[in-house]
>>> print(open('input-v1.txt').read())   # compact mmCIF, C-alpha atoms
# COMPACT_ATOMS: atom_id res chain seq x y z
CA MET A 1 8.25 -22.95 -16.75
CA PHE A 2 6.98 -23.55 -13.23
CA ASP A 3 9.01 -26.07 -11.28
CA ILE A 4 6.07 -27.67 -9.49
CA LYS A 5 6.43 -31.21 -8.22
CA SER A 6 2.91 -31.75 -6.93
CA TYR A 7 -0.27 -29.85 -6.34
CA TYR A 8 -2.82 -30.96 -3.76
CA PRO A 9 -6.14 -29.14 -3.60
CA ALA A 10 -7.77 -28.83 -0.18
CA TYR A 11 -11.45 -28.16 0.45
CA SER A 12 -11.45 -27.56 4.18
CA VAL A 13 -9.05 -26.01 6.66
CA ARG A 14 -8.46 -29.34 8.33
CA GLU A 15 -7.78 -31.06 5.03
CA ALA A 16 -5.25 -28.36 4.14
CA LEU A 17 -3.52 -28.78 7.49
CA LEU A 18 -3.44 -32.55 7.16
CA LEU A 19 -1.93 -32.22 3.69
CA ALA A 20 0.67 -29.82 5.08
CA LYS A 21 1.55 -32.32 7.77
CA LYS A 22 1.84 -35.15 5.28
CA HIS A 23 3.95 -33.24 2.78
CA GLU A 24 6.75 -31.54 4.63
CA GLY A 25 7.92 -28.28 3.09
CA ALA A 26 4.73 -27.82 1.13
CA ARG A 27 3.42 -24.29 0.65
CA PHE A 28 -0.13 -23.04 0.66
CA ILE A 29 -1.20 -21.34 -2.51
CA ALA A 30 -4.29 -19.18 -2.91
CA GLY A 31 -4.21 -16.58 -5.68
CA GLY A 32 -0.62 -17.38 -6.53
CA THR A 33 0.24 -13.85 -7.61
CA ASP A 34 3.34 -13.86 -5.42
CA LEU A 35 4.17 -17.54 -5.28
CA LEU A 36 4.06 -18.24 -9.01
CA ILE A 37 6.30 -15.24 -9.69
CA LYS A 38 8.83 -16.55 -7.18
CA LEU A 39 8.62 -19.98 -8.79
CA ARG A 40 9.17 -18.58 -12.23
CA GLU A 41 12.16 -16.62 -11.01
CA GLY A 42 13.61 -19.87 -9.69
CA LYS A 43 13.56 -18.80 -6.04
CA PHE A 44 12.76 -22.40 -5.13
CA SER A 45 12.34 -25.64 -7.03
CA ASP A 46 10.40 -28.90 -6.84
CA ALA A 47 7.56 -27.03 -5.23
CA LEU A 48 4.90 -28.88 -3.31
CA LEU A 49 1.76 -26.78 -3.35
CA ILE A 50 -1.41 -27.10 -1.36
CA GLY A 51 -4.23 -25.22 -3.01
CA VAL A 52 -6.40 -23.52 -0.42
CA GLY A 53 -8.37 -21.47 -2.95
CA GLY A 54 -11.33 -23.83 -2.82
CA ILE A 55 -12.03 -23.62 0.91
CA PRO A 56 -15.40 -21.89 1.02
CA GLU A 57 -15.35 -20.72 4.66
CA LEU A 58 -12.18 -18.69 4.08
CA SER A 59 -13.73 -16.24 1.67
CA GLU A 60 -16.40 -14.68 3.82
CA ILE A 61 -16.73 -11.15 5.09
CA ALA A 62 -19.05 -10.75 8.06
CA LEU A 63 -19.74 -9.01 11.34
CA ASP A 64 -19.51 -11.85 13.82
CA THR A 65 -19.58 -12.42 17.53
CA VAL A 66 -16.12 -13.62 18.53
CA ASN A 67 -15.13 -14.60 22.08
CA GLY A 68 -18.21 -12.84 23.39
CA ARG A 69 -17.40 -9.65 21.50
CA GLU A 70 -20.06 -8.41 19.13
CA ARG A 71 -19.64 -6.71 15.78
CA VAL A 72 -16.16 -8.00 15.07
CA LEU A 73 -15.35 -7.51 11.42
CA CYS A 74 -14.14 -10.88 10.20
CA VAL A 75 -12.46 -10.99 6.83
CA GLY A 76 -11.68 -14.31 5.20
CA PRO A 77 -8.12 -14.44 3.92
CA LEU A 78 -9.25 -15.75 0.55
CA CYS A 79 -11.08 -12.51 -0.25
CA THR A 80 -9.60 -11.04 -3.37
CA PHE A 81 -8.63 -7.40 -3.53
CA ALA A 82 -11.41 -6.75 -6.03
CA ARG A 83 -13.95 -8.33 -3.67
CA LEU A 84 -12.74 -6.26 -0.71
CA ALA A 85 -12.82 -3.07 -2.73
CA ALA A 86 -16.44 -3.69 -3.71
CA ASP A 87 -17.73 -5.09 -0.42
CA PRO A 88 -20.39 -2.94 1.29
CA LEU A 89 -19.41 -4.13 4.79
CA ILE A 90 -15.77 -3.13 4.28
CA GLU A 91 -16.97 0.14 2.81
CA SER A 92 -19.04 0.90 5.91
CA CYS A 93 -16.58 -0.32 8.58
CA ALA A 94 -13.11 0.20 7.15
CA PRO A 95 -13.36 1.97 3.81
CA MET A 96 -9.66 2.74 3.95
CA LEU A 97 -8.83 -0.95 3.61
CA GLY A 98 -11.00 -1.40 0.53
CA ARG A 99 -9.47 1.60 -1.17
CA ALA A 100 -5.95 0.60 -0.20
CA VAL A 101 -6.15 -2.83 -1.79
CA ASP A 102 -7.84 -1.29 -4.81
CA GLN A 103 -4.49 0.33 -5.62
CA ALA A 104 -2.51 -2.88 -5.81
CA GLY A 105 -1.20 -3.92 -9.21
CA GLY A 106 -3.76 -3.98 -12.00
CA PRO A 107 -7.27 -5.40 -12.45
CA GLN A 108 -6.04 -8.91 -13.25
CA LEU A 109 -4.01 -9.08 -10.07
CA ARG A 110 -6.81 -7.67 -7.95
CA ASN A 111 -9.23 -10.29 -9.27
CA VAL A 112 -6.95 -13.12 -8.18
CA GLY A 113 -4.68 -11.88 -5.42
CA THR A 114 -6.01 -12.44 -1.91
CA ILE A 115 -5.57 -10.39 1.23
CA GLY A 116 -4.41 -13.46 3.16
CA GLY A 117 -1.70 -14.14 0.62
CA ASN A 118 -0.71 -10.49 0.69
CA VAL A 119 -0.26 -10.61 4.46
CA CYS A 120 1.45 -14.01 4.60
CA ASN A 121 3.89 -13.08 1.86
CA GLY A 122 5.43 -10.73 4.41
CA ALA A 123 6.26 -7.89 2.03
CA THR A 124 6.62 -4.49 3.64
CA SER A 125 5.21 -2.99 0.45
CA ALA A 126 1.91 -4.88 0.70
CA ASP A 127 -0.88 -2.40 0.08
CA SER A 128 -3.08 -4.06 2.68
CA ALA A 129 -0.42 -4.00 5.38
CA ALA A 130 -0.34 -0.34 6.39
CA SER A 131 -4.14 -0.26 6.68
CA LEU A 132 -4.28 -3.48 8.68
CA PHE A 133 -1.62 -2.09 11.03
CA ALA A 134 -3.64 1.08 11.56
CA LEU A 135 -6.74 -1.05 12.09
CA ASN A 136 -4.97 -3.17 14.74
CA ALA A 137 -6.02 -6.25 12.82
CA ARG A 138 -5.71 -9.59 14.56
CA LEU A 139 -4.89 -12.74 12.66
CA VAL A 140 -6.24 -16.19 13.40
CA LEU A 141 -3.75 -18.95 12.68
CA ALA A 142 -5.09 -22.47 12.63
CA SER A 143 -3.10 -25.63 13.22
CA LEU A 144 -3.79 -29.26 13.98
CA PRO A 145 -4.16 -30.25 17.62
CA GLU A 146 -1.15 -31.87 19.27
CA GLY A 147 -0.79 -35.60 18.88
CA GLU A 148 -3.36 -35.92 16.11
CA ALA A 149 -6.07 -36.88 18.57
CA GLY A 150 -8.52 -34.41 17.13
CA ARG A 151 -11.87 -35.36 15.76
CA GLU A 152 -13.04 -34.60 12.28
CA GLY A 153 -12.99 -30.83 11.73
CA ASP A 154 -10.84 -30.12 14.77
CA THR A 155 -8.28 -27.37 14.55
CA VAL A 156 -6.53 -25.21 17.11
CA ASP A 157 -6.79 -21.47 16.64
CA GLU A 158 -4.26 -18.92 17.77
CA GLU A 159 -5.03 -15.21 17.54
CA ILE A 160 -2.10 -12.83 17.22
CA SER A 161 -1.79 -9.15 16.48
CA ILE A 162 -0.60 -8.12 13.05
CA HIS A 163 2.06 -6.04 14.82
CA ASP A 164 3.68 -9.27 15.96
CA PHE A 165 3.14 -11.09 12.69
CA TYR A 166 5.70 -9.42 10.45
CA ARG A 167 9.18 -10.57 11.45
CA GLY A 168 11.38 -9.33 8.62
CA PRO A 169 11.42 -8.94 4.85
CA GLY A 170 9.35 -11.85 3.57
CA ARG A 171 9.30 -13.45 7.00
CA VAL A 172 6.16 -13.83 9.09
CA ALA A 173 5.28 -15.54 12.34
CA LEU A 174 3.56 -18.40 10.57
CA LYS A 175 4.90 -21.69 11.90
CA PRO A 176 5.08 -24.74 9.65
CA GLY A 177 1.68 -26.34 9.57
CA GLN A 178 -0.18 -23.13 10.35
CA LEU A 179 -2.70 -21.53 8.08
CA LEU A 180 -4.17 -18.03 8.28
CA THR A 181 -7.92 -18.52 8.55
CA GLU A 182 -9.32 -15.14 9.53
CA ILE A 183 -8.47 -11.47 9.83
CA ARG A 184 -10.36 -9.83 12.68
CA ILE A 185 -10.91 -6.16 13.28
CA TYR A 186 -12.52 -5.41 16.63
CA PRO A 187 -15.20 -2.71 16.94
CA GLU A 188 -13.01 -0.43 19.10
CA ASP A 189 -10.62 -0.25 16.17
CA TYR A 190 -13.10 0.85 13.54
CA GLU A 191 -16.23 2.32 15.13
CA GLY A 192 -16.16 6.10 14.84
CA TYR A 193 -12.93 6.06 12.88
CA PHE A 194 -12.24 7.30 9.41
CA GLY A 195 -9.08 7.48 7.45
CA HIS A 196 -7.17 7.34 4.25
CA TYR A 197 -4.39 5.34 2.68
CA THR A 198 -1.91 7.09 0.46
CA LYS A 199 0.23 5.09 -1.86
CA TYR A 200 3.23 6.91 -3.20
CA SER A 201 4.65 5.10 -6.16
CA MET A 202 6.43 5.87 -9.39
CA ARG A 203 3.26 5.46 -11.41
CA ASN A 204 -0.45 5.20 -10.74
CA ALA A 205 -1.03 1.55 -11.59
CA MET A 206 0.97 -1.66 -11.95
CA ASP A 207 3.49 -0.54 -9.41
CA ILE A 208 4.76 -1.33 -5.95
CA ALA A 209 4.56 1.37 -3.33
CA THR A 210 7.63 3.51 -2.77
CA LEU A 211 5.96 4.54 0.46
CA GLY A 212 2.53 3.72 1.80
CA CYS A 213 0.86 5.54 4.66
CA ALA A 214 -2.44 4.79 6.37
CA VAL A 215 -4.07 7.37 8.62
CA TRP A 216 -6.89 6.26 10.87
CA CYS A 217 -8.42 8.66 13.36
CA ARG A 218 -11.36 9.20 15.64
CA PHE A 219 -12.80 12.51 16.74
CA SER A 220 -14.74 13.29 19.87
CA ARG A 221 -18.51 13.57 19.56
CA ASP A 222 -18.38 17.36 19.33
CA LEU A 223 -15.68 17.04 16.67
CA LYS A 224 -13.38 19.36 18.54
CA LEU A 225 -10.76 16.91 19.66
CA VAL A 226 -8.86 14.20 17.94
CA GLU A 227 -9.19 11.30 20.33
CA ASP A 228 -6.96 8.91 18.47
CA VAL A 229 -4.70 9.13 15.48
CA ARG A 230 -2.93 6.12 14.10
CA LEU A 231 -0.37 6.34 11.38
CA ALA A 232 1.03 3.22 9.82
CA TYR A 233 3.64 2.98 7.13
CA GLY A 234 4.56 0.44 4.52
CA VAL A 235 8.04 0.37 2.94
CA ALA A 236 9.36 2.72 5.65
CA GLY A 237 11.32 -0.23 7.03
CA PRO A 238 11.90 -3.94 6.49
CA VAL A 239 8.42 -4.56 7.90
CA PRO A 240 5.32 -2.36 7.96
CA ARG A 241 5.42 -0.08 10.98
CA HIS A 242 2.94 1.57 13.26
CA GLY A 243 3.71 5.24 13.74
CA ARG A 244 4.17 4.83 17.49
CA ASP A 245 7.09 2.46 16.80
CA LEU A 246 8.93 4.94 14.61
CA PRO A 247 11.55 7.40 15.79
CA VAL A 248 10.49 11.03 15.89
CA PHE A 249 12.56 13.49 13.92
CA GLY A 250 12.76 17.19 14.64
CA GLU A 251 10.96 19.38 17.12
CA PRO A 252 7.28 18.89 17.87
CA GLY A 253 5.49 21.08 15.36
CA PRO A 254 2.68 23.55 15.85
CA GLY A 255 0.25 20.66 15.62
CA ARG A 256 1.10 19.83 19.24
CA ASN A 257 -1.33 22.34 20.68
CA GLN A 258 -3.78 22.58 17.81
CA PRO A 259 -5.46 19.23 17.85
CA PRO A 260 -7.65 19.23 14.76
CA GLY A 261 -5.68 21.79 12.81
CA PHE A 262 -2.63 19.70 12.12
CA LEU A 263 -4.68 17.30 10.08
CA ALA A 264 -5.40 19.96 7.51
CA GLY A 265 -2.08 19.31 5.85
CA LEU A 266 -2.84 15.69 5.12
CA PRO A 267 -4.12 15.15 1.61
CA GLY A 268 -7.45 13.48 1.21
CA ILE A 269 -8.63 13.90 4.79
CA PRO A 270 -11.18 16.67 4.29
CA ALA A 271 -12.83 14.86 1.39
CA ALA A 272 -13.14 11.68 3.40
CA ALA A 273 -14.51 13.51 6.42
CA GLY A 274 -16.99 15.47 4.39
CA GLY A 275 -18.91 12.70 2.83
CA ARG A 276 -17.93 9.13 2.53
CA ALA A 277 -16.37 8.10 5.76
CA GLY A 278 -19.38 8.19 7.99
CA LEU A 279 -18.50 11.40 9.78
CA PRO A 280 -21.27 13.99 10.03
CA GLY A 281 -20.89 16.00 6.87
CA ASN A 282 -21.19 19.47 8.30
CA CYS A 283 -18.38 20.09 10.74
CA PRO A 284 -17.35 23.74 10.51
CA GLY A 285 -14.01 24.63 11.91
CA LEU A 286 -12.86 21.05 12.00
CA TYR A 287 -9.87 21.70 9.82
CA SER A 288 -9.01 25.22 10.89
CA SER A 289 -6.78 25.72 13.84
CA PRO A 290 -8.91 27.79 16.27
CA GLY A 291 -10.13 24.94 18.42
CA SER A 292 -12.29 24.61 21.47
CA LYS A 293 -11.37 25.93 24.87
CA GLY A 294 -11.33 23.21 27.47
CA LYS A 295 -9.50 20.55 25.58
CA ARG A 296 -7.10 22.98 23.98
CA ARG A 297 -5.82 23.97 27.36
CA SER A 298 -5.05 20.45 28.46
CA GLN A 299 -3.22 19.88 25.19
CA ASP A 300 -1.26 23.09 25.70
CA GLN A 301 -0.21 21.90 29.10
CA ALA A 302 0.80 18.57 27.71
CA GLY A 303 2.84 20.36 25.06
CA ALA A 304 4.48 22.59 27.64
CA ALA A 305 5.29 19.67 29.87
CA GLY A 306 6.85 17.86 26.96
CA ALA A 307 8.92 20.85 25.82
CA MET B 1 5.97 7.21 -25.32
CA GLY B 2 7.34 10.69 -25.05
CA LEU B 3 5.98 11.02 -21.52
CA GLY B 4 7.68 7.84 -20.36
CA TYR B 5 10.93 8.98 -21.95
CA GLY B 6 10.66 12.28 -20.12
CA LEU B 7 9.40 11.12 -16.74
CA SER B 8 10.13 7.54 -15.83
CA GLU B 9 11.66 5.17 -18.38
CA GLN B 10 15.22 4.34 -17.60
CA MET B 11 17.46 1.32 -17.98
CA ILE B 12 19.55 0.93 -14.86
CA PHE B 13 22.90 -0.87 -14.99
CA ASP B 14 25.24 -1.93 -12.23
CA ASP B 15 28.99 -1.23 -12.39
CA LYS B 16 29.58 -4.45 -14.33
CA GLY B 17 27.13 -3.45 -17.01
CA ARG B 18 24.36 -5.80 -16.02
CA LEU B 19 20.84 -4.58 -16.56
CA LEU B 20 19.11 -4.29 -13.19
CA ASN B 21 15.57 -3.57 -14.27
CA GLY B 22 14.96 -5.90 -17.18
CA ASN B 23 11.25 -6.28 -16.55
CA PHE B 24 8.16 -4.15 -16.92
CA LEU B 25 7.70 -3.74 -13.19
CA ASP B 26 11.00 -1.97 -12.64
CA TYR B 27 11.23 -0.37 -16.06
CA LYS B 28 8.48 2.17 -15.63
CA LEU B 29 6.36 2.58 -18.70
CA PRO B 30 3.51 4.97 -17.93
CA THR B 31 0.15 3.24 -17.66
CA SER B 32 -3.17 4.62 -18.87
CA LEU B 33 -3.67 6.06 -15.38
CA ASP B 34 -0.46 8.08 -15.70
CA THR B 35 -1.30 9.58 -19.04
CA PRO B 36 -3.30 12.78 -19.14
CA GLU B 37 -5.66 13.54 -21.96
CA LEU B 38 -3.40 14.36 -24.86
CA GLN B 39 -4.07 16.44 -27.91
CA ALA B 40 -1.98 16.31 -31.04
CA TYR B 41 -1.78 19.03 -33.63
CA PHE B 42 -0.14 18.67 -37.02
CA VAL B 43 2.04 21.38 -38.44
CA GLU B 44 2.20 20.89 -42.16
CA THR B 45 5.39 22.01 -43.84
CA TYR B 46 7.32 21.12 -46.94
CA ASP B 47 10.39 19.07 -46.04
CA SER B 48 12.82 19.31 -48.89
CA SER B 49 14.71 16.17 -47.80
CA GLY B 50 11.68 13.83 -47.86
CA PRO B 51 9.88 12.34 -50.85
CA PHE B 52 7.15 14.72 -52.10
CA GLY B 53 8.06 17.03 -49.20
CA ASN B 54 6.97 14.43 -46.63
CA LYS B 55 8.07 14.47 -43.01
CA ALA B 56 8.38 11.25 -41.01
CA LEU B 57 5.71 10.29 -38.49
CA GLY B 58 7.46 7.51 -36.58
CA GLU B 59 9.88 8.41 -33.83
CA PRO B 60 10.13 12.19 -34.26
CA PRO B 61 6.81 12.91 -32.51
CA ALA B 62 8.10 11.10 -29.37
CA ILE B 63 11.03 13.44 -28.91
CA PRO B 64 9.76 16.91 -27.98
CA GLN B 65 7.61 15.93 -24.94
CA SER B 66 10.56 15.49 -22.64
CA ALA B 67 11.89 18.91 -23.65
CA ALA B 68 8.46 20.41 -22.98
CA LEU B 69 8.36 18.77 -19.55
CA ARG B 70 11.84 20.02 -18.69
CA ASN B 71 10.93 23.53 -19.79
CA ALA B 72 7.67 23.43 -17.84
CA ILE B 73 9.59 22.53 -14.68
CA LYS B 74 12.07 25.33 -15.33
CA ASN B 75 9.22 27.74 -15.94
CA ALA B 76 7.50 26.75 -12.71
CA THR B 77 10.50 26.55 -10.42
CA GLY B 78 13.44 28.22 -12.15
CA VAL B 79 15.43 25.02 -11.86
CA ALA B 80 16.88 23.69 -15.11
CA ILE B 81 17.48 19.96 -15.18
CA ASN B 82 19.35 18.60 -18.15
CA GLN B 83 19.08 14.91 -17.55
CA LEU B 84 16.32 12.44 -18.33
CA PRO B 85 14.13 10.96 -17.01
CA LEU B 86 12.81 13.63 -14.68
CA THR B 87 12.18 11.30 -11.75
CA PRO B 88 10.99 12.54 -8.34
CA GLN B 89 14.41 11.63 -6.89
CA LYS B 90 16.21 13.78 -9.43
CA LEU B 91 13.80 16.69 -9.00
CA THR B 92 14.05 16.56 -5.21
CA ALA B 93 17.83 16.61 -5.35
CA ALA B 94 17.87 19.48 -7.84
CA PHE B 95 15.25 21.50 -5.94
CA ASN B 96 17.14 20.96 -2.72
CA ALA B 97 20.40 22.08 -4.33
CA ALA B 98 18.64 25.18 -5.61
CA GLY B 99 17.33 25.94 -2.12
CA LEU B 100 13.64 25.59 -3.03
CA TYR B 101 12.92 23.84 0.27
CA GLY B 102 14.24 26.77 2.26
CA GLU B 103 17.62 26.27 3.83
CA LYS B 104 19.75 23.65 2.15
CA THR B 105 19.57 20.35 3.94
CA LYS B 106 23.04 18.99 4.44
CA SER B 107 22.48 15.29 4.18
CA GLN B 108 19.54 14.87 1.86
CA PRO B 109 18.79 11.18 1.67
CA ALA B 110 18.69 9.71 -1.78
CA GLY B 111 15.22 9.05 -3.05
CA GLY B 112 12.22 11.24 -3.53
CA LYS B 113 10.51 10.54 -0.24
CA GLU B 114 9.70 13.60 1.75
>>> encode(input="input-v1.txt", output="structure tokens")
Amino acid sequence: MFDIKSYYPAYSVREALLLAKKHEGARFIAGGTDLLIKLREGKFSDALLIGVGGIPELSEIALDTVNGRERVLCVGPLCTFARLAADPLIESCAPMLGRAVDQAGGPQLRNVGTIGGNVCNGATSADSAASLFALNARLVLASLPEGEAGREGDTVDEEISIHDFYRGPGRVALKPGQLLTEIRIYPEDYEGYFGHYTKYSMRNAMDIATLGCAVWCRFSRDLKLVEDVRLAYGVAGPVPRHGRDLPVFGEPGPGRNQPPGFLAGLPGIPAAAGGRAGLPGNCPGLYSSPGSKGKRRSQDQAGAAGA
Amino acid sequence: MGLGYGLSEQMIFDDKGRLLNGNFLDYKLPTSLDTPELQAYFVETYDSSGPFGNKALGEPPAIPQSAALRNAIKNATGVAINQLPLTPQKLTAAFNAAGLYGEKTKSQPAGGKE
């Protein structure tokens, strides 16, 4: 049923990379929820698989200090969707991500499928992708040092933005012999933010998104100005897209000069702002259009200049 | 069963007659999350064509739901759609043709995305 030639389990990142070097054309397999389906469909044959599922350091979720930066949310690529959805750290830093992956497939898939596999599979419909784009996630890709001079445990890390990672349908910027070892979300991309992921699909479970949209925004301290809004879409193109990379259709709407008001039309936002997402619960006027004075004016001018 | 028939289940063929969605990912059976709480009521009658006046309880109960859905949509919007399943794509196209979105959009892209 599965055309597998060999399977080599790896128990450390270096071991996995050495196995990949030794067996050319081998693929890494974690949860296998994409790879085994492709194998069964006959997309490729005589598969050489390197099992990375048993590498303990790849399944951690922690706030770490990275390159001198504190409070970087580091997510191990082996974390299953079910784990992410239930993790308190994800819930406090990036609840949108946990809820997004909680909508993938069914319970069986979420207990096995990993976020790293989801990203490396390169599907535009990945439920984690839109959220990770909105979160400006950065991916750490490990490889062996040049010339095989490295000591035991030595690997070379490269950190790239998820915006540069997706290259086309099913194609990602993962070179042969590279393994995704960490997904990093820096504090400036999650602190003070809240958001929501909407999955539009033909049914409510066991389905692939027809369109996925992640909204991630930050308000000013007085809650009168939207300081940053990020929209990211899955399935809107061959790769997931950040809203700033998408063409704008139509005339700028009334939202242009009514900063907080335009959010009122987005489903799910008020509920998230009210309680769960870490925003002060009582924010009267946040979702009605009459805004503050000072900031409104500058926005009006910006709108007029743009018109 | 009746809900899937009315809303999402559909075998799609290409122009050579090959089935394009021969799996349970692309052939959309409703899941438990898609099914609202249902209540069934029995209307007892005497059916002269059945033994002892019996009426069948196999397929017949799966038929009227799609008609009820179609009529509910007509009642809510005034748009009558006489084709199953009532997918978002089909509804969007029909609503657009009926001018429910305001002025008719000339080139409405296929698909139910708005």
>>> closest_residue(input="input-v1.txt", among="B:Tyr46, B:Phe95, B:Tyr41, B:Phe13", to="Ala76 (chain B)", atoms="only C-alpha atoms")
B:Phe95
>>> closest_atom_pairs(input="input-v1.txt", of="chain A", to="chain B", cutoff="12 Å", atoms="all atoms listed in the file", output="Markdown table")
| residue | atom | partner | partner_atom | distance |
| --- | --- | --- | --- | --- |
| A:Glu41 | CA | B:Asn23 | CA | 11.8 |
| A:Gln103 | CA | B:Leu33 | CA | 11.3 |
| A:Gly105 | CA | B:Leu25 | CA | 9.8 |
| A:Gly106 | CA | B:Thr31 | CA | 10.0 |
| A:Lys199 | CA | B:Lys113 | CA | 11.7 |
| A:Tyr200 | CA | B:Lys113 | CA | 8.7 |
| A:Ser201 | CA | B:Lys113 | CA | 9.9 |
| A:Met202 | CA | B:Lys28 | CA | 7.5 |
| A:Arg203 | CA | B:Asp34 | CA | 6.3 |
| A:Asn204 | CA | B:Leu33 | CA | 5.7 |
| A:Ala205 | CA | B:Thr31 | CA | 6.4 |
| A:Met206 | CA | B:Leu25 | CA | 7.2 |
| A:Asp207 | CA | B:Leu25 | CA | 6.5 |
| A:Ile208 | CA | B:Leu25 | CA | 8.2 |
| A:Ala209 | CA | B:Lys113 | CA | 11.4 |
| A:Thr210 | CA | B:Lys113 | CA | 8.0 |
| A:Leu211 | CA | B:Lys113 | CA | 7.6 |
| A:Gly212 | CA | B:Lys113 | CA | 10.7 |
| A:Cys213 | CA | B:Lys113 | CA | 11.9 |
| A:Val235 | CA | B:Lys113 | CA | 10.9 |
| A:Ala236 | CA | B:Lys113 | CA | 9.9 |
>>> residues_near_point(input="input-v1.txt", point="(10.6, -24.2, -10.3)", cutoff="12 Å", atoms="only C-alpha atoms", output="JSON, numbers by chain")
{"A": [1, 2, 3, 4, 5, 6, 35, 36, 37, 38, 39, 40, 41, 42, 43, 44, 45, 46, 47, 48, 49]}
>>> residues_near_point(input="input-v1.txt", point="(-8.5, -15.5, 5.6)", cutoff="9 Å", atoms="only C-alpha atoms", output="list in words")
Glu57, Leu58, Ser59, Glu60, Cys74, Val75, Gly76, Pro77, Leu78, Cys79, Thr114, Ile115, Gly116, Gly117, Leu139, Val140, Leu179, Leu180, Thr181, Glu182 and Ile183 of chain A
>>> atom_distance(input="input-v1.txt", atom1="CA of Ile162 (chain A)", atom2="CA of Thr124 (chain A)")
12.4 Å
>>> atom_distance(input="input-v1.txt", atom1="CA of Phe165 (chain A)", atom2="CA of Pro107 (chain A)")
27.8 Å
>>> residues_around(input="input-v1.txt", residues="Gly58 (chain B)", least_positions_apart="5", cutoff="12 Å", atoms="all atoms listed in the file", output="JSON, numbers by chain")
{"B": [1, 2, 63]}
>>> atom_distance(input="input-v1.txt", atom1="CA of Ala123 (chain A)", atom2="CA of Val239 (chain A)")
7.1 Å
>>> residues_around(input="input-v1.txt", residues="Glu91 (chain A)", least_positions_apart="3", cutoff="12 Å", atoms="all atoms listed in the file", output="short mmCIF file (atom, residue, chain, number, x, y, z; two decimals) with C-alpha atoms, in the coordinates of the input")
data_model
loop_
_atom_site.label_atom_id
_atom_site.label_comp_id
_atom_site.auth_asym_id
_atom_site.auth_seq_id
_atom_site.Cartn_x
_atom_site.Cartn_y
_atom_site.Cartn_z
CA ILE A 61 -16.73 -11.15 5.09
CA LEU A 73 -15.35 -7.51 11.42
CA ARG A 83 -13.95 -8.33 -3.67
CA LEU A 84 -12.74 -6.26 -0.71
CA ALA A 85 -12.82 -3.07 -2.73
CA ALA A 86 -16.44 -3.69 -3.71
CA ASP A 87 -17.73 -5.09 -0.42
CA PRO A 88 -20.39 -2.94 1.29
CA ALA A 94 -13.11 0.20 7.15
CA PRO A 95 -13.36 1.97 3.81
CA MET A 96 -9.66 2.74 3.95
CA LEU A 97 -8.83 -0.95 3.61
CA GLY A 98 -11.00 -1.40 0.53
CA ARG A 99 -9.47 1.60 -1.17
CA ALA A 100 -5.95 0.60 -0.20
CA ASP A 102 -7.84 -1.29 -4.81
CA TYR A 190 -13.10 0.85 13.54
CA PHE A 194 -12.24 7.30 9.41
CA GLY A 195 -9.08 7.48 7.45
CA ARG A 276 -17.93 9.13 2.53
CA ALA A 277 -16.37 8.10 5.76
CA GLY A 278 -19.38 8.19 7.99
#
>>> residues_around(input="input-v1.txt", residues="Thr65 (chain A)", least_positions_apart="5", cutoff="12 Å", atoms="all atoms listed in the file", output="list in words")
Glu70, Arg71, Val72, Leu73, Cys74, Arg184, Ile185, Tyr186 and Pro187 of chain A
>>> residues_around(input="input-v1.txt", residues="region 21-23 of chain B", least_positions_apart="4", cutoff="7 Å", atoms="only C-alpha atoms", output="list in words")
Met11, Ile12 and Tyr27 of chain B
